[in-house]
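Pasted below: work.cif, mmCIF, C-alpha atoms.
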data_upload
loop_
_atom_site.group_PDB
_atom_site.id
_atom_site.type_symbol
_atom_site.label_atom_id
_atom_site.label_comp_id
_atom_site.auth_asym_id
_atom_site.auth_seq_id
_atom_site.Cartn_x
_atom_site.Cartn_y
_atom_site.Cartn_z
ATOM 1 C CA MET R 697 39.300 55.841 63.698
ATOM 2 C CA VAL R 698 36.219 56.251 61.521
ATOM 3 C CA THR R 699 36.119 54.805 58.004
ATOM 4 C CA ARG R 700 33.401 55.380 55.404
ATOM 5 C CA LYS R 701 32.775 54.123 51.897
ATOM 6 C CA ILE R 702 32.386 57.325 49.878
ATOM 7 C CA TRP R 703 32.044 56.029 46.309
ATOM 8 C CA SER R 704 31.057 52.787 44.617
ATOM 9 C CA ASN R 705 29.426 51.920 41.290
ATOM 10 C CA ASP R 706 29.676 49.325 38.522
ATOM 11 C CA SER R 707 33.172 50.481 37.514
ATOM 12 C CA HIS R 708 36.579 49.546 38.892
ATOM 13 C CA ASN R 709 37.174 52.495 41.261
ATOM 14 C CA ALA R 710 40.820 52.895 42.277
ATOM 15 C CA PHE R 711 44.041 54.922 42.676
ATOM 16 C CA THR R 712 43.036 57.851 44.891
ATOM 17 C CA SER R 713 44.388 61.290 45.681
ATOM 18 C CA LEU R 714 43.183 63.734 48.350
ATOM 19 C CA ILE R 715 43.574 67.473 48.983
ATOM 20 C CA TRP R 716 41.923 70.255 51.014
ATOM 21 C CA PHE R 717 40.908 73.235 48.867
ATOM 22 C CA ARG R 718 38.782 76.277 49.715
ATOM 23 C CA GLY R 719 37.009 74.647 52.663
ATOM 24 C CA SER R 720 36.387 71.220 51.118
ATOM 25 C CA PHE R 721 38.007 67.843 50.631
ATOM 26 C CA TYR R 722 38.640 66.879 47.019
ATOM 27 C CA CYS R 723 39.196 63.215 46.179
ATOM 28 C CA ALA R 724 40.206 61.981 42.730
ATOM 29 C CA PHE R 725 40.283 58.415 41.433
ATOM 30 C CA ARG R 726 40.098 56.406 38.219
ATOM 31 C CA GLU R 727 36.991 54.654 36.967
ATOM 32 C CA GLY R 728 37.459 51.888 34.426
ATOM 33 C CA GLU R 729 36.288 48.442 33.440
ATOM 34 C CA ASN R 730 39.234 46.658 35.091
ATOM 35 C CA HIS R 731 42.393 47.379 37.073
ATOM 36 C CA VAL R 732 44.071 47.642 33.687
ATOM 37 C CA TYR R 733 42.876 47.368 30.043
ATOM 38 C CA GLY R 734 39.157 47.367 29.282
ATOM 39 C CA ARG R 735 37.195 50.506 28.439
ATOM 40 C CA ASP R 736 38.957 53.862 28.479
ATOM 41 C CA GLY R 737 39.512 54.969 32.069
ATOM 42 C CA VAL R 738 38.259 58.338 33.304
ATOM 43 C CA ALA R 739 39.236 60.516 36.260
ATOM 44 C CA ARG R 740 36.378 61.316 38.623
ATOM 45 C CA ILE R 741 36.749 64.127 41.176
ATOM 46 C CA ILE R 742 34.368 64.328 44.131
ATOM 47 C CA SER R 743 34.230 66.856 46.957
ATOM 48 C CA SER R 744 32.836 67.157 50.467
ATOM 49 C CA ARG R 745 32.852 69.805 53.154
ATOM 50 C CA ASP R 746 32.492 67.327 56.026
ATOM 51 C CA GLY R 747 33.913 64.054 54.695
ATOM 52 C CA ILE R 748 30.463 62.450 54.893
ATOM 53 C CA ASP R 749 28.392 63.776 52.005
ATOM 54 C CA TRP R 750 30.212 63.765 48.658
ATOM 55 C CA GLU R 751 29.274 65.048 45.225
ATOM 56 C CA THR R 752 30.866 64.805 41.799
ATOM 57 C CA VAL R 753 32.735 67.922 40.679
ATOM 58 C CA ALA R 754 34.156 66.635 37.401
ATOM 59 C CA VAL R 755 34.640 63.570 35.225
ATOM 60 C CA ILE R 756 37.705 64.005 33.028
ATOM 61 C CA ASN R 757 38.079 61.842 29.936
ATOM 62 C CA LYS R 758 39.823 61.755 26.583
ATOM 63 C CA ALA R 759 38.839 59.507 23.698
ATOM 64 C CA GLY R 760 41.356 56.741 23.060
ATOM 65 C CA TYR R 761 43.179 57.172 26.369
ATOM 66 C CA ASP R 762 43.007 55.330 29.664
ATOM 67 C CA LEU R 763 43.489 58.220 32.106
ATOM 68 C CA ARG R 764 45.056 56.584 35.153
ATOM 69 C CA ASP R 765 46.042 57.481 38.721
ATOM 70 C CA PRO R 766 44.757 61.084 38.846
ATOM 71 C CA LYS R 767 46.850 62.991 41.379
ATOM 72 C CA LEU R 768 45.687 66.331 42.800
ATOM 73 C CA SER R 769 47.721 69.350 43.859
ATOM 74 C CA VAL R 770 47.088 73.063 44.366
ATOM 75 C CA THR R 771 49.036 75.363 42.066
ATOM 76 C CA PRO R 772 50.742 78.535 43.308
ATOM 77 C CA ASP R 773 48.056 80.640 41.614
ATOM 78 C CA GLY R 774 45.257 78.881 43.515
ATOM 79 C CA ARG R 775 43.854 76.265 41.121
ATOM 80 C CA ILE R 776 43.517 72.493 41.394
ATOM 81 C CA MET R 777 45.834 70.594 39.077
ATOM 82 C CA VAL R 778 45.166 66.973 38.092
ATOM 83 C CA ILE R 779 48.066 64.973 36.668
ATOM 84 C CA MET R 780 47.102 61.681 34.980
ATOM 85 C CA GLY R 781 48.848 58.873 33.183
ATOM 86 C CA GLY R 782 47.488 58.478 29.658
ATOM 87 C CA SER R 783 47.804 54.904 28.379
ATOM 88 C CA VAL R 784 46.936 53.851 24.829
ATOM 89 C CA TYR R 785 46.266 50.157 24.190
ATOM 90 C CA ARG R 786 45.702 47.936 21.211
ATOM 91 C CA GLU R 787 43.826 45.050 22.753
ATOM 92 C CA ARG R 788 46.214 44.176 25.633
ATOM 93 C CA GLU R 789 49.320 45.706 24.088
ATOM 94 C CA LEU R 790 50.476 49.016 25.606
ATOM 95 C CA LEU R 791 51.354 51.297 22.700
ATOM 96 C CA SER R 792 52.244 54.468 24.596
ATOM 97 C CA GLN R 793 52.034 56.344 27.896
ATOM 98 C CA LEU R 794 51.532 60.086 27.667
ATOM 99 C CA THR R 795 50.937 62.035 30.875
ATOM 100 C CA HIS R 796 48.052 64.541 30.752
ATOM 101 C CA VAL R 797 47.121 67.485 32.945
ATOM 102 C CA SER R 798 43.921 69.409 33.676
ATOM 103 C CA PHE R 799 43.308 72.564 35.737
ATOM 104 C CA SER R 800 40.281 73.840 37.618
ATOM 105 C CA ASP R 801 39.122 77.410 37.836
ATOM 106 C CA ARG R 802 39.917 79.232 41.075
ATOM 107 C CA ARG R 803 36.653 78.023 42.629
ATOM 108 C CA GLY R 804 37.602 74.405 42.042
ATOM 109 C CA LYS R 805 34.456 73.783 40.014
ATOM 110 C CA ASN R 806 35.235 73.706 36.295
ATOM 111 C CA PHE R 807 38.133 71.695 34.874
ATOM 112 C CA SER R 808 39.898 72.180 31.564
ATOM 113 C CA GLU R 809 40.193 69.572 28.840
ATOM 114 C CA PRO R 810 43.211 67.340 29.541
ATOM 115 C CA VAL R 811 46.323 68.116 27.512
ATOM 116 C CA PRO R 812 49.665 66.296 27.304
ATOM 117 C CA VAL R 813 52.524 67.554 29.452
ATOM 118 C CA VAL R 814 55.740 68.468 27.646
ATOM 119 C CA MET R 815 58.921 66.664 28.687
ATOM 120 C CA PRO R 816 62.351 68.014 27.727
ATOM 121 C CA ASP R 817 63.724 66.860 24.394
ATOM 122 C CA GLU R 818 66.755 65.149 25.956
ATOM 123 C CA MET R 819 64.608 62.634 27.856
ATOM 124 C CA ARG R 820 61.258 62.395 26.045
ATOM 125 C CA THR R 821 59.998 58.943 24.995
ATOM 126 C CA ASP R 822 56.691 57.362 24.010
ATOM 127 C CA HIS R 823 56.423 55.804 27.466
ATOM 128 C CA ASP R 824 56.693 58.642 30.010
ATOM 129 C CA TRP R 825 54.602 58.617 33.184
ATOM 130 C CA LEU R 826 54.809 61.562 35.563
ATOM 131 C CA TRP R 827 53.017 59.975 38.491
ATOM 132 C CA ARG R 828 52.591 62.878 40.937
ATOM 133 C CA VAL R 829 53.554 66.560 41.222
ATOM 134 C CA THR R 830 54.288 68.349 44.506
ATOM 135 C CA TRP R 831 54.492 72.149 44.630
ATOM 136 C CA HIS R 832 57.097 73.948 46.723
ATOM 137 C CA ARG R 833 56.609 77.698 46.599
ATOM 138 C CA ARG R 834 56.303 78.386 42.852
ATOM 139 C CA THR R 835 57.943 75.216 41.539
ATOM 140 C CA GLY R 836 56.338 71.829 40.977
ATOM 141 C CA TYR R 837 58.479 68.703 41.328
ATOM 142 C CA GLY R 838 57.788 65.144 40.220
ATOM 143 C CA VAL R 839 59.396 61.891 39.196
ATOM 144 C CA VAL R 840 58.776 60.575 35.692
ATOM 145 C CA TYR R 841 59.354 56.908 35.002
ATOM 146 C CA GLN R 842 60.091 55.631 31.538
ATOM 147 C CA SER R 843 59.732 52.136 30.112
ATOM 148 C CA ARG R 844 62.698 51.319 27.933
ATOM 149 C CA GLU R 845 64.709 48.079 27.955
ATOM 150 C CA GLU R 846 65.497 48.992 31.561
ATOM 151 C CA ARG R 847 63.039 51.255 33.406
ATOM 152 C CA THR R 848 64.546 54.540 34.636
ATOM 153 C CA ILE R 849 63.327 57.467 36.724
ATOM 154 C CA SER R 850 64.170 61.172 36.606
ATOM 155 C CA LEU R 851 63.385 64.188 38.760
ATOM 156 C CA VAL R 852 61.739 66.997 36.784
ATOM 157 C CA LYS R 853 60.370 70.428 37.635
ATOM 158 C CA THR R 854 57.851 72.907 36.253
ATOM 159 C CA ASP R 855 56.549 76.414 36.831
ATOM 160 C CA ASP R 856 53.269 75.992 34.913
ATOM 161 C CA GLY R 857 52.318 72.319 35.326
ATOM 162 C CA ILE R 858 52.563 71.686 31.584
ATOM 163 C CA ASN R 859 56.192 72.224 30.566
ATOM 164 C CA TYR R 860 58.903 70.342 32.469
ATOM 165 C CA GLU R 861 62.677 70.416 32.626
ATOM 166 C CA LEU R 862 65.103 67.798 33.832
ATOM 167 C CA VAL R 863 66.641 68.265 37.278
ATOM 168 C CA THR R 864 68.580 64.998 37.428
ATOM 169 C CA LYS R 865 68.366 61.318 36.606
ATOM 170 C CA LEU R 866 67.891 59.209 39.722
ATOM 171 C CA GLU R 867 70.157 56.211 40.178
ATOM 172 C CA VAL R 868 67.655 53.627 41.390
ATOM 173 C CA ASP R 869 67.597 50.110 39.971
ATOM 174 C CA GLY R 870 65.010 47.336 40.243
ATOM 175 C CA SER R 871 62.440 48.729 37.777
ATOM 176 C CA PRO R 872 61.525 51.879 39.745
ATOM 177 C CA ASN R 873 58.159 53.459 39.012
ATOM 178 C CA GLU R 874 55.532 55.130 41.275
ATOM 179 C CA SER R 875 57.256 57.886 43.265
ATOM 180 C CA THR R 876 56.105 60.602 45.656
ATOM 181 C CA VAL R 877 58.140 63.777 46.181
ATOM 182 C CA ARG R 878 57.859 65.997 49.259
ATOM 183 C CA VAL R 879 59.875 69.094 50.218
ATOM 184 C CA MET R 880 60.473 69.676 53.926
ATOM 185 C CA PRO R 881 60.410 73.151 55.541
ATOM 186 C CA ASP R 882 64.224 73.332 55.465
ATOM 187 C CA LYS R 883 64.056 72.629 51.679
ATOM 188 C CA GLU R 884 65.368 69.070 51.945
ATOM 189 C CA MET R 885 63.632 66.913 49.344
ATOM 190 C CA ILE R 886 62.491 63.367 50.077
ATOM 191 C CA ILE R 887 61.348 60.795 47.526
ATOM 192 C CA VAL R 888 59.784 57.390 48.121
ATOM 193 C CA VAL R 889 60.054 54.989 45.165
ATOM 194 C CA ARG R 890 58.259 51.740 44.362
ATOM 195 C CA ARG R 891 60.372 49.001 42.740
ATOM 196 C CA GLU R 892 59.139 45.898 40.927
ATOM 197 C CA GLU R 893 62.305 43.894 40.281
ATOM 198 C CA GLY R 894 65.240 42.618 42.313
ATOM 199 C CA ASN R 895 64.224 42.420 45.966
ATOM 200 C CA ARG R 896 61.286 44.783 45.180
ATOM 201 C CA GLU R 897 61.879 46.800 48.344
ATOM 202 C CA GLY R 898 60.901 50.452 48.194
ATOM 203 C CA MET R 899 63.620 53.099 48.271
ATOM 204 C CA TRP R 900 63.843 56.273 50.370
ATOM 205 C CA GLY R 901 65.865 59.152 48.939
ATOM 206 C CA ARG R 902 67.048 62.447 50.449
ATOM 207 C CA SER R 903 68.715 65.470 48.869
ATOM 208 C CA LYS R 904 69.501 69.098 49.589
ATOM 209 C CA ALA R 905 68.869 71.828 47.022
ATOM 210 C CA PRO R 906 69.553 71.952 44.089
ATOM 211 C CA TYR R 907 68.684 68.220 44.331
ATOM 212 C CA ALA R 908 71.498 66.924 42.153
ATOM 213 C CA GLY R 909 73.066 64.494 44.655
ATOM 214 C CA TRP R 910 70.983 61.804 46.385
ATOM 215 C CA GLU R 911 71.353 59.410 49.307
ATOM 216 C CA TRP R 912 69.252 56.237 49.089
ATOM 217 C CA ARG R 913 68.284 53.525 51.534
ATOM 218 C CA SER R 914 65.941 50.558 51.353
ATOM 219 C CA LEU R 915 62.716 50.682 53.352
ATOM 220 C CA GLY R 916 62.877 46.920 53.813
ATOM 221 C CA MET R 917 59.399 46.319 52.407
ATOM 222 C CA ARG R 918 57.626 46.214 49.081
ATOM 223 C CA LEU R 919 55.407 49.210 48.211
ATOM 224 C CA GLY R 920 52.254 49.734 46.162
ATOM 225 C CA GLY R 921 50.798 53.167 45.430
ATOM 226 C CA PRO R 922 52.953 54.887 48.092
ATOM 227 C CA ASP R 923 52.302 58.323 49.536
ATOM 228 C CA PHE R 924 53.583 60.094 52.627
ATOM 229 C CA ILE R 925 52.888 63.291 54.542
ATOM 230 C CA ALA R 926 54.632 65.356 57.219
ATOM 231 C CA LEU R 927 52.431 65.934 60.262
ATOM 232 C CA LYS R 928 54.702 68.097 62.418
ATOM 233 C CA GLY R 929 58.441 68.587 62.104
ATOM 234 C CA ASP R 930 60.126 65.303 61.182
ATOM 235 C CA HIS R 931 57.026 63.301 62.095
ATOM 236 C CA LEU R 932 55.992 61.482 58.898
ATOM 237 C CA VAL R 933 53.217 59.068 57.943
ATOM 238 C CA LEU R 934 53.675 56.651 55.034
ATOM 239 C CA GLY R 935 50.787 54.787 53.405
ATOM 240 C CA THR R 936 51.144 51.836 51.039
ATOM 241 C CA ARG R 937 49.892 48.438 50.002
ATOM 242 C CA VAL R 938 51.412 45.764 52.225
ATOM 243 C CA TYR R 939 51.976 42.400 50.563
ATOM 244 C CA GLY R 940 51.390 39.308 52.687
ATOM 245 C CA GLU R 941 51.007 35.568 52.334
ATOM 246 C CA LYS R 942 47.390 35.828 53.511
ATOM 247 C CA GLY R 943 46.578 38.731 51.196
ATOM 248 C CA ASN R 944 47.337 42.386 50.626
ATOM 249 C CA VAL R 945 46.118 45.275 52.780
ATOM 250 C CA THR R 946 46.518 49.038 53.027
ATOM 251 C CA ALA R 947 48.560 50.082 56.047
ATOM 252 C CA LEU R 948 49.949 53.267 57.605
ATOM 253 C CA PHE R 949 53.425 53.641 59.074
ATOM 254 C CA ALA R 950 54.871 56.316 61.372
ATOM 255 C CA GLY R 951 58.464 57.394 60.856
ATOM 256 C CA ASP R 952 61.019 60.125 60.288
ATOM 257 C CA ARG R 953 62.877 61.663 57.397
ATOM 258 C CA SER R 954 65.730 59.182 57.810
ATOM 259 C CA GLY R 955 63.361 56.496 56.547
ATOM 260 C CA ASN R 956 62.826 54.637 59.823
ATOM 261 C CA PHE R 957 59.187 53.483 59.871
ATOM 262 C CA ARG R 958 57.009 51.302 62.088
ATOM 263 C CA LYS R 959 53.586 49.974 61.247
ATOM 264 C CA VAL R 960 50.814 51.733 63.195
ATOM 265 C CA LEU R 961 47.542 50.459 61.778
ATOM 266 C CA THR R 962 45.892 48.550 58.977
ATOM 267 C CA LEU R 963 42.930 50.182 57.284
ATOM 268 C CA PRO R 964 39.849 48.067 56.525
ATOM 269 C CA SER R 965 41.045 46.598 53.233
ATOM 270 C CA GLY R 966 41.797 43.524 51.198
ATOM 271 C CA GLY R 967 42.063 42.133 47.699
ATOM 272 C CA ASP R 968 42.749 44.836 45.124
ATOM 273 C CA ASN R 969 43.533 47.882 47.295
ATOM 274 C CA SER R 970 45.811 50.774 48.364
ATOM 275 C CA TYR R 971 46.879 54.068 46.679
ATOM 276 C CA PRO R 972 46.144 56.320 49.657
ATOM 277 C CA GLY R 973 45.943 60.111 49.683
ATOM 278 C CA PHE R 974 46.449 62.309 52.750
ATOM 279 C CA VAL R 975 45.194 65.542 54.299
ATOM 280 C CA PHE R 976 46.334 66.690 57.748
ATOM 281 C CA ARG R 977 44.311 69.386 59.489
ATOM 282 C CA LYS R 978 43.065 70.234 62.977
ATOM 283 C CA ASN R 979 45.137 67.432 64.505
ATOM 284 C CA LYS R 980 43.471 64.739 62.402
ATOM 285 C CA LEU R 981 44.794 62.701 59.521
ATOM 286 C CA TYR R 982 42.326 62.093 56.700
ATOM 287 C CA VAL R 983 43.040 59.240 54.301
ATOM 288 C CA SER R 984 41.454 58.271 50.993
ATOM 289 C CA TYR R 985 42.132 54.831 49.521
ATOM 290 C CA TYR R 986 40.464 52.078 47.527
ATOM 291 C CA SER R 987 39.749 48.479 48.429
ATOM 292 C CA SER R 988 37.740 45.433 47.380
ATOM 293 C CA HIS R 989 37.347 43.779 50.790
ATOM 294 C CA GLU R 990 33.570 44.284 50.631
ATOM 295 C CA GLY R 991 33.181 42.585 47.273
ATOM 296 C CA LYS R 992 34.219 45.155 44.649
ATOM 297 C CA THR R 993 36.648 48.021 44.335
ATOM 298 C CA SER R 994 35.249 51.085 46.103
ATOM 299 C CA ILE R 995 36.614 54.353 47.486
ATOM 300 C CA TYR R 996 37.011 54.779 51.245
ATOM 301 C CA PHE R 997 37.732 57.719 53.529
ATOM 302 C CA ALA R 998 39.260 57.384 56.999
ATOM 303 C CA GLU R 999 39.406 59.959 59.802
ATOM 304 C CA ILE R 1000 42.214 59.207 62.257
ATOM 305 C CA PRO R 1001 43.390 61.117 65.379
ATOM 306 C CA ALA R 1002 46.953 62.271 64.780
ATOM 307 C CA GLY R 1003 47.856 61.083 68.277
ATOM 308 C CA LEU R 1004 47.944 57.509 66.980
ATOM 309 C CA PHE R 1005 51.133 58.384 65.130
#
Would you write the structure of this file as structure tokens?
Amino acid sequence: MVTRKIWSNDSHNAFTSLIWFRGSFYCAFREGENHVYGRDGVARIISSRDGIDWETVAVINKAGYDLRDPKLSVTPDGRIMVIMGGSVYRERELLSQLTHVSFSDRRGKNFSEPVPVVMPDEMRTDHDWLWRVTWHRRTGYGVVYQSREERTISLVKTDDGINYELVTKLEVDGSPNESTVRVMPDKEMIIVVRREEGNREGMWGRSKAPYAGWEWRSLGMRLGGPDFIALKGDHLVLGTRVYGEKGNVTALFAGDRSGNFRKVLTLPSGGDNSYPGFVFRKNKLYVSYYSSHEGKTSIYFAEIPAGLF
């Protein structure tokens, strides 16, 4: 395994996402004054052809908004889409959360001004956060979490990245929030969900199309910024923050679609860390993540032989 620090400056750099697009890696992350609150957060996108030398492609911002957790995907028409949480604060009071989206041109160079996504009338609130979108053929799927008296999550879909419709509400308790959706080759959908109340253990959900009925099981561990990727067949890799008595680290787990996972390795990490992104190509797994084990929050990039999993 080879790990490199690929970005660090005076800001709090965190919450990564990673894709491969037109012969280059693209990594997105948030820059802000602190993990939360402080100056308005911006989404920085950097790219590299070799994973060693990186350059800034875009810095996306919007006055009055903390643009958080930028998550990258490639749209069916061949553009990069960036989905971002948009938080509005008054001092340390969260007034609203309004998810925003931006699109690149087909060269992946120029990005549009961020605009709010449109949730369906029957579920829209002032605190909606669509955390990540995954495209399957011509449809994008994601889980939106909403902060009411009791936090709820719902599966939504889109054909343009801006306008969404409800697929189904997801029956997960324990203050569910950050969720990653993946669609397997046989069209089975899998969702991993972070929970912050009750026993706090992450949940693993499976459903066949049209994704109305779900089977859930506990992963037996607490999650933070979870993502997962299919390497080959049912061979999956899950990345998350691991909480421990001696501190938190970012770790990778090998498993299957039934939700059976075993820890494989811990990435160089500590303190404020996690939120990995994945690219699998040419029998190597590439991982972006952030960590503060070297003194401040910085962005890291790991190159790992797939044989380890």
Gly973 of chain R surroundings by only C-alpha atoms, 12 Å radius, close-in-sequence under 5 positions cut, as a ChimeraX atom specification: /R:710-716,721-725,765-769,828,876,921-925,933-936,946,948,981-986,995-998
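Reported to one decimal place, the separation of atom CA of Asn859 of chain R from atom CA of Asp773 of chain R is 16.1 Å.
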Separation of atom CA of Val888 of chain R from atom CA of Phe957 of chain R in Å: 12.4 Å
For the structure shown, which residues end up in the PyMOL selection byres ((chain R and resi 866) around 10)? Put them as a ChimeraX atom specification, please? /R:839,848-851,863-865,867-869,872,901,908-910,912
Centre and edge lengths, as lines of an AutoDock Vina configuration file, for the axis-aligned box enclosing every listed atom of segment 903-922 of chain R with 6 Å of padding on each of the six sides, in Å to one decimal?
center_x = 61.9
center_y = 59.1
center_z = 48.0
size_x = 34.3
size_y = 37.7
size_z = 23.7
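Nearest residue to Leu932 of chain R, choosing from R:Arg913, R:Gly898, R:Arg878, R:Pro972 and counting all atoms listed in the file: R:Arg878.
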The PyMOL selection byres ((chain R and resi 861) around 9) - which residues does that actually catch in the file I just gave you? List them as a PyMOL selection string. chain R and resi 814-816+851-854+859-860+862-863
Skipping near chain neighbours, those fewer than 2 positions away, what residues fall within 12 Å of Gly943 of chain R using all atoms listed in the file, listed as a PDB file with C-alpha atoms, in the coordinates of the input?
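After the write, result18.pdb holds the following:
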ATOM      1  CA  ARG R 937      49.892  48.438  50.002  1.00  0.00           C
ATOM      2  CA  VAL R 938      51.412  45.764  52.225  1.00  0.00           C
ATOM      3  CA  TYR R 939      51.976  42.400  50.563  1.00  0.00           C
ATOM      4  CA  GLY R 940      51.390  39.308  52.687  1.00  0.00           C
ATOM      5  CA  GLU R 941      51.007  35.568  52.334  1.00  0.00           C
ATOM      6  CA  VAL R 945      46.118  45.275  52.780  1.00  0.00           C
ATOM      7  CA  THR R 946      46.518  49.038  53.027  1.00  0.00           C
ATOM      8  CA  SER R 965      41.045  46.598  53.233  1.00  0.00           C
ATOM      9  CA  GLY R 966      41.797  43.524  51.198  1.00  0.00           C
ATOM     10  CA  GLY R 967      42.063  42.133  47.699  1.00  0.00           C
ATOM     11  CA  ASP R 968      42.749  44.836  45.124  1.00  0.00           C
ATOM     12  CA  ASN R 969      43.533  47.882  47.295  1.00  0.00           C
ATOM     13  CA  SER R 988      37.740  45.433  47.380  1.00  0.00           C
ATOM     14  CA  HIS R 989      37.347  43.779  50.790  1.00  0.00           C
TER      15      HIS R 989
END
Residues near Phe1005 of chain R, anyone? I mean within 6 Å using all atoms listed in the file, not counting same-chain ones fewer than 2 positions away, as a PDB file with C-alpha atoms, in the coordinates of the input.
ATOM      1  CA  ALA R 950      54.871  56.316  61.372  1.00  0.00           C
ATOM      2  CA  ALA R1002      46.953  62.271  64.780  1.00  0.00           C
ATOM      3  CA  GLY R1003      47.856  61.083  68.277  1.00  0.00           C
TER       4      GLY R1003
END
